[in-house]
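*Asks:* Contents of model04.txt (compact mmCIF, C-alpha atoms):
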# COMPACT_ATOMS: atom_id res chain seq x y z
CA MET F 1066 0.00 0.00 0.00
CA PRO F 1067 1.43 3.44 -0.90
CA GLU F 1068 2.28 5.68 2.03
CA LEU F 1069 2.55 9.48 1.93
CA ARG F 1070 4.32 11.28 4.77
CA ILE F 1071 4.15 15.07 5.15
CA PRO F 1072 5.03 16.10 8.73
CA ASP F 1073 4.31 19.85 8.53
CA PRO F 1074 0.62 20.89 8.50
CA ALA F 1075 1.53 23.97 6.41
CA ASP F 1076 3.05 21.71 3.73
CA ARG F 1077 -0.05 19.50 3.78
CA GLU F 1078 -2.21 22.58 3.31
CA SER F 1079 0.03 23.85 0.49
CA LEU F 1080 -0.07 20.52 -1.34
CA GLY F 1081 -3.82 20.28 -0.79
CA ALA F 1082 -4.34 23.70 -2.40
CA PHE F 1083 -2.20 22.63 -5.38
CA ILE F 1084 -4.16 19.39 -5.85
CA ALA F 1085 -7.51 21.17 -5.45
CA ARG F 1086 -6.62 23.59 -8.25
CA ALA F 1087 -5.46 20.76 -10.51
CA VAL F 1088 -8.71 18.85 -9.93
CA ARG F 1089 -10.72 22.01 -10.54
CA LEU F 1090 -9.07 22.34 -13.96
CA ASP F 1091 -9.53 18.64 -14.70
CA ALA F 1092 -11.81 16.50 -12.54
CA GLN F 1093 -10.04 13.35 -13.80
CA ALA F 1094 -6.54 14.70 -13.09
CA ALA F 1095 -3.83 12.21 -12.27
CA VAL F 1096 -1.06 13.35 -9.93
CA ARG F 1097 2.45 11.98 -10.06
CA LEU F 1098 4.31 11.98 -6.76
CA ARG F 1099 8.06 11.44 -6.82
CA MET F 1100 11.07 12.18 -4.69
CA ARG F 1101 13.25 15.07 -5.91
CA ARG F 1102 15.80 14.21 -3.25
CA PRO F 1103 15.62 12.72 0.25
CA GLY F 1104 13.04 14.66 2.24
CA VAL F 1105 11.68 16.68 -0.71
CA LEU F 1106 8.58 15.50 -2.54
CA GLU F 1107 7.38 16.74 -5.94
CA ALA F 1108 3.77 16.62 -7.11
CA TRP F 1109 3.12 16.85 -10.88
CA ALA F 1110 -0.12 17.25 -12.80
CA ALA F 1111 -1.05 17.78 -16.43
CA THR F 1112 -3.44 20.60 -17.36
CA PRO F 1113 -5.94 21.29 -20.17
CA PHE F 1114 -3.41 23.88 -21.43
CA GLU F 1115 -0.98 21.09 -22.39
CA VAL F 1116 1.62 22.15 -19.86
CA LEU F 1117 2.68 20.47 -16.64
CA VAL F 1118 2.40 22.05 -13.20
CA THR F 1119 4.43 21.09 -10.16
CA ARG F 1120 4.81 21.91 -6.48
CA ALA F 1121 7.44 20.67 -4.01
CA VAL F 1122 7.02 20.17 -0.26
CA GLU F 1123 8.97 18.51 2.51
CA GLY F 1124 7.87 14.89 2.74
CA ASP F 1125 8.25 11.35 1.47
CA ILE F 1126 6.33 8.93 -0.70
CA ASP F 1127 6.74 5.17 -0.73
CA PRO F 1128 7.21 3.95 -3.42
CA GLY F 1129 9.40 6.85 -4.53
CA ASP F 1130 7.60 7.48 -7.84
CA ILE F 1131 3.88 6.82 -8.14
CA THR F 1132 0.82 8.22 -9.92
CA VAL F 1133 -2.49 8.47 -8.05
CA SER F 1134 -5.94 9.92 -8.62
CA GLY F 1135 -6.02 13.65 -7.90
CA SER F 1136 -9.45 13.47 -6.29
CA GLU F 1137 -8.45 10.57 -4.03
CA LEU F 1138 -5.26 12.34 -3.01
CA LEU F 1139 -7.22 15.52 -2.30
CA ALA F 1140 -9.56 13.56 -0.02
CA ALA F 1141 -6.57 12.13 1.87
CA LEU F 1142 -5.15 15.62 2.37
CA THR F 1143 -8.37 17.32 3.44
CA VAL F 1144 -10.84 14.82 4.93
CA THR F 1145 -8.63 13.10 7.52
CA PRO F 1146 -5.36 15.05 7.39
CA GLY F 1147 -2.38 13.78 9.32
CA PRO F 1148 1.37 13.34 8.89
CA VAL F 1149 0.93 9.86 7.38
CA MET F 1150 -1.67 9.25 4.67
CA ASP F 1151 -2.83 6.71 2.13
CA PRO F 1152 -2.76 8.63 -1.19
CA GLY F 1153 -4.88 6.00 -2.93
CA PRO F 1154 -3.95 3.06 -5.15
CA ALA F 1155 -1.29 3.38 -7.82
CA ARG F 1156 -2.66 4.46 -11.20
CA ASP F 1157 0.60 4.69 -13.10
CA LEU F 1158 -1.02 3.93 -16.46
CA LEU F 1159 -2.86 7.26 -16.25
CA TRP F 1160 0.38 9.24 -16.50
CA ARG F 1161 1.15 9.97 -20.15
CA SER F 1162 3.66 12.84 -20.00
CA ASP F 1163 7.43 12.90 -20.03
CA LEU F 1164 9.16 14.68 -17.13
CA PRO F 1165 12.46 16.53 -16.94
CA THR F 1166 15.26 14.29 -15.73
CA GLY F 1167 17.79 15.48 -13.19
CA THR F 1168 18.47 18.96 -11.90
CA THR F 1169 21.51 19.81 -14.04
CA GLY F 1170 21.50 21.51 -17.42
CA TRP F 1171 19.09 24.25 -16.39
CA ARG F 1172 20.13 27.89 -16.83
CA ALA F 1173 18.58 31.07 -15.48
CA VAL F 1174 17.09 33.16 -18.27
CA GLU F 1175 15.07 36.02 -16.76
CA THR F 1176 13.41 37.23 -13.58
CA LEU F 1177 10.17 39.17 -13.98
CA PRO F 1178 8.02 41.05 -11.45
CA ALA F 1179 4.99 38.98 -10.51
CA THR F 1180 2.80 42.00 -11.23
CA VAL F 1181 3.87 41.97 -14.89
CA VAL F 1182 3.13 38.25 -15.28
CA ALA F 1183 -0.21 38.56 -13.46
CA ASP F 1184 -1.26 41.46 -15.69
CA LEU F 1185 -0.40 39.54 -18.87
CA ALA F 1186 -2.27 36.50 -17.56
CA ASP F 1187 -5.36 38.58 -16.71
CA ARG F 1188 -5.39 40.06 -20.22
CA GLY F 1189 -5.08 36.61 -21.73
CA VAL F 1190 -7.91 35.22 -19.61
CA THR F 1191 -10.15 38.12 -20.70
CA VAL F 1192 -9.45 37.35 -24.38
CA ALA F 1193 -9.91 33.61 -23.79
CA ARG F 1194 -13.38 34.11 -22.32
CA GLU F 1195 -14.37 35.72 -25.60
CA ASN F 1196 -12.84 32.91 -27.68
CA VAL F 1197 -13.65 29.63 -25.96
CA GLY F 1198 -12.82 26.56 -28.06
CA PRO F 1199 -15.05 23.49 -28.58
CA GLN F 1200 -13.49 21.71 -25.59
CA GLY F 1201 -14.17 24.62 -23.26
CA THR F 1202 -10.55 25.75 -23.39
CA PRO F 1203 -8.96 28.58 -25.37
CA PRO F 1204 -8.20 27.75 -29.03
CA ALA F 1205 -4.69 26.45 -29.77
CA SER F 1206 -3.88 29.57 -31.77
CA LEU F 1207 -4.41 31.70 -28.66
CA MET F 1208 -2.56 29.34 -26.32
CA ASP F 1209 0.42 29.24 -28.70
CA GLN F 1210 0.58 33.02 -29.00
CA THR F 1211 3.90 34.37 -27.74
CA VAL F 1212 3.44 36.78 -24.83
CA LEU F 1213 7.04 37.08 -23.68
CA THR F 1214 10.35 36.86 -25.49
CA VAL F 1215 13.45 36.69 -23.31
CA SER F 1216 17.12 36.00 -23.99
CA ASP F 1217 19.61 33.84 -22.14
CA ASP F 1218 23.28 34.61 -21.58
CA ASP F 1219 24.09 33.38 -25.09
CA GLN F 1220 21.58 35.88 -26.50
CA LYS F 1221 19.36 33.07 -27.71
CA SER F 1222 15.71 34.14 -27.79
CA ILE F 1223 13.24 32.07 -25.81
CA GLU F 1224 9.53 32.51 -26.45
CA VAL F 1225 6.97 32.02 -23.68
CA PRO F 1226 3.53 31.10 -25.05
CA MET F 1227 0.24 32.17 -23.52
CA ARG F 1228 -0.55 28.63 -22.37
CA PHE F 1229 2.09 29.04 -19.60
CA LEU F 1230 0.26 32.08 -18.24
CA PHE F 1231 -3.15 30.41 -18.51
CA ALA F 1232 -1.83 27.57 -16.36
CA MET F 1233 -0.24 29.92 -13.84
CA SER F 1234 -3.51 31.83 -13.53
CA GLY F 1235 -5.65 28.68 -13.29
CA MET F 1236 -3.40 27.21 -10.60
CA GLY F 1237 -3.20 30.45 -8.61
CA PHE F 1238 0.60 30.40 -8.65
CA VAL F 1239 1.15 34.17 -8.83
CA ASP F 1240 0.25 36.57 -6.03
CA SER F 1241 0.75 40.11 -7.35
CA SER F 1242 -0.29 41.57 -3.98
CA ILE F 1243 3.02 40.53 -2.42
CA ASP F 1244 5.47 43.39 -2.80
CA GLY F 1245 8.60 42.41 -4.69
CA ASP F 1246 7.36 38.95 -5.69
CA VAL F 1247 8.93 37.57 -8.89
CA VAL F 1248 8.57 34.85 -11.50
CA ARG F 1249 11.79 33.13 -12.57
CA ILE F 1250 12.24 31.75 -16.08
CA THR F 1251 14.72 28.91 -16.53
CA ALA F 1252 15.42 26.66 -19.50
CA SER F 1253 17.35 23.61 -20.58
CA ASP F 1254 17.97 22.43 -24.11
CA ALA F 1255 14.68 20.51 -23.99
CA TRP F 1256 12.48 22.23 -21.39
CA LEU F 1257 11.13 25.64 -20.38
CA ARG F 1258 10.06 26.38 -16.80
CA LEU F 1259 8.41 29.32 -15.01
CA ASP F 1260 8.66 29.30 -11.21
CA ALA F 1261 6.32 31.43 -9.10
CA ARG F 1262 5.64 31.58 -5.36
CA TYR F 1263 3.13 28.72 -5.25
CA GLY F 1264 4.34 26.42 -8.02
CA ALA F 1265 5.92 26.04 -11.42
CA VAL F 1266 4.77 25.51 -15.01
CA VAL F 1267 6.89 23.27 -17.23
CA ARG F 1268 6.75 22.26 -20.89
CA ARG F 1269 8.99 20.75 -23.53
CA ARG F 1270 10.47 23.33 -25.89
CA GLN F 1271 10.36 20.86 -28.77
CA ALA F 1272 7.95 18.01 -29.34
CA LEU F 1273 9.39 14.50 -29.23
CA LEU F 1274 9.85 12.93 -32.66
CA PRO F 1275 7.53 10.00 -33.34
CA LEU F 1276 9.05 6.53 -33.42
CA LEU F 1277 9.28 4.96 -36.85
CA PHE F 1278 9.02 1.22 -37.33
Mind converting the file's structure to structure tokens?

*Replies:*
Amino acid sequence: MPELRIPDPADRESLGAFIARAVRLDAQAAVRLRMRRPGVLEAWAATPFEVLVTRAVEGDIDPGDITVSGSELLAALTVTPGPVMDPGPARDLLWRSDLPTGTTGWRAVETLPATVVADLADRGVTVARENVGPQGTPPASLMDQTVLTVSDDDQKSIEVPMRFLFAMSGMGFVDSSIDGDVVRITASDAWLRLDARYGAVVRRRQALLPLLF
């Protein structure tokens, strides 16, 4: 039986808020729990915006990499909260996304005021409400629209599409009311990541090539 251990009530509340947002965006959301390093647990979820969201807290999961139902995990965190929980049965077949491997190879690209990111996200949400797609989400053309272009130390341009900001807004990651709060943009050769106060949004920069047989 899987066992989730989160000693600090504040961390349990933080993870519960993350899972609640993910389930609100997708009632059938699967959540992948894995150890980043000893004592630090990562939670990952896919979103309707085709980006991944993640949040790290102090804790442990046994086994060290498992996918569970978001709704069942949310119940464990909110109905009978305690330092040791049953996150629900393993549902590893529900996880269909690749994840970044390792912590090396990432480089800092830009740091932006949270107020700037929140304002861009609010504008995008306003436009999206006027252009809802057939699946109830913004059309792909809007989600793929570049809202930020930043450069790394090698002067290589990196484009941030609107779908990142939709996910940040939907997950409540940015709090523009906190003075001096920032959003950090980092990248690797394969991945782009935006880190805010309450979580991060991650997506591959290039699609994987299909396998040919």

*Asks:* Just want the 9 Å neighbourhood of region 1188-1199 of chain F, counted on all atoms listed in the file, with same-chain residues fewer than 6 positions away dropped. Output as a list in words.

*Replies:*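 In the requested format, the answer is Ala1205, Leu1207, Met1208, Met1227, Leu1230, Phe1231 and Ser1234 of chain F.
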
*Asks:* Taking into account only C-alpha atoms, which residue in the set F:Ala1092, F:Ile1250, F:Met1100, F:Ala1255 is nearest to Pro1128 (chain F)?

*Replies:* F:Met1100

*Asks:* Would you list the contacts of region 1135-1142 of chain F as a count of residues only, taking every protein, DNA or RNA residue within 7 Å and counting all atoms listed in the file, but skipping same-chain residues closer than 2 positions in sequence?

*Replies:* 16

*Asks:* So, counting all atoms listed in the file, which residue among F:Glu1068, F:Glu1107, F:Asp1240, F:Asp1076 is closest to Val1181 (chain F)?

*Replies:*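 Answer, going by the shortest atom-to-atom distance: F:Asp1240.
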
*Asks:* Within 12 Å of region 1109-1126 of chain F, which residues of region 1168-1276 of chain F come that close, and what is the closest atom pair and distance in Å for each? Count only C-alpha atoms and give it as a tab-separated table.

*Replies:*
residue	atom	partner	partner_atom	distance
F:Ala1193	CA	F:Phe1114	CA	11.9
F:Gly1198	CA	F:Pro1113	CA	11.7
F:Gln1200	CA	F:Pro1113	CA	9.3
F:Gly1201	CA	F:Pro1113	CA	9.4
F:Thr1202	CA	F:Pro1113	CA	7.2
F:Pro1203	CA	F:Phe1114	CA	8.3
F:Pro1204	CA	F:Phe1114	CA	9.8
F:Ala1205	CA	F:Phe1114	CA	8.8
F:Ser1206	CA	F:Phe1114	CA	11.8
F:Leu1207	CA	F:Phe1114	CA	10.7
F:Met1208	CA	F:Phe1114	CA	7.4
F:Asp1209	CA	F:Phe1114	CA	9.8
F:Val1225	CA	F:Val1116	CA	11.9
F:Pro1226	CA	F:Val1116	CA	10.5
F:Met1227	CA	F:Phe1114	CA	9.3
F:Arg1228	CA	F:Phe1114	CA	5.6
F:Phe1229	CA	F:Val1116	CA	6.9
F:Leu1230	CA	F:Phe1114	CA	9.5
F:Phe1231	CA	F:Phe1114	CA	7.2
F:Ala1232	CA	F:Phe1114	CA	6.5
F:Met1233	CA	F:Val1118	CA	8.3
F:Ser1234	CA	F:Phe1114	CA	11.2
F:Gly1235	CA	F:Thr1112	CA	9.3
F:Met1236	CA	F:Val1118	CA	8.2
F:Gly1237	CA	F:Val1118	CA	11.1
F:Phe1238	CA	F:Val1118	CA	9.7
F:Trp1256	CA	F:Val1116	CA	11.0
F:Leu1257	CA	F:Val1116	CA	10.1
F:Arg1258	CA	F:Leu1117	CA	9.5
F:Leu1259	CA	F:Val1118	CA	9.6
F:Asp1260	CA	F:Thr1119	CA	9.3
F:Ala1261	CA	F:Arg1120	CA	10.0
F:Arg1262	CA	F:Arg1120	CA	9.8
F:Tyr1263	CA	F:Arg1120	CA	7.1
F:Gly1264	CA	F:Arg1120	CA	4.8
F:Ala1265	CA	F:Thr1119	CA	5.3
F:Val1266	CA	F:Val1118	CA	4.6
F:Val1267	CA	F:Leu1117	CA	5.1
F:Arg1268	CA	F:Val1116	CA	5.2
F:Arg1269	CA	F:Val1116	CA	8.4
F:Arg1270	CA	F:Val1116	CA	10.8
F:Ala1272	CA	F:Glu1115	CA	11.7

*Asks:* Could you work out how far CA of Pro1148 (chain F) lies from CA of Asp1073 (chain F), giving the answer in Å with one decimal?

*Replies:*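 The value is 7.2 Å.
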
*Asks:* Please, what distance in Å, to one decimal, runs between CA of Arg1101 (chain F) and CA of Thr1166 (chain F)?

*Replies:*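 Interatomic distance, CA of Arg1101 (chain F) to CA of Thr1166 (chain F): 10.1 Å.
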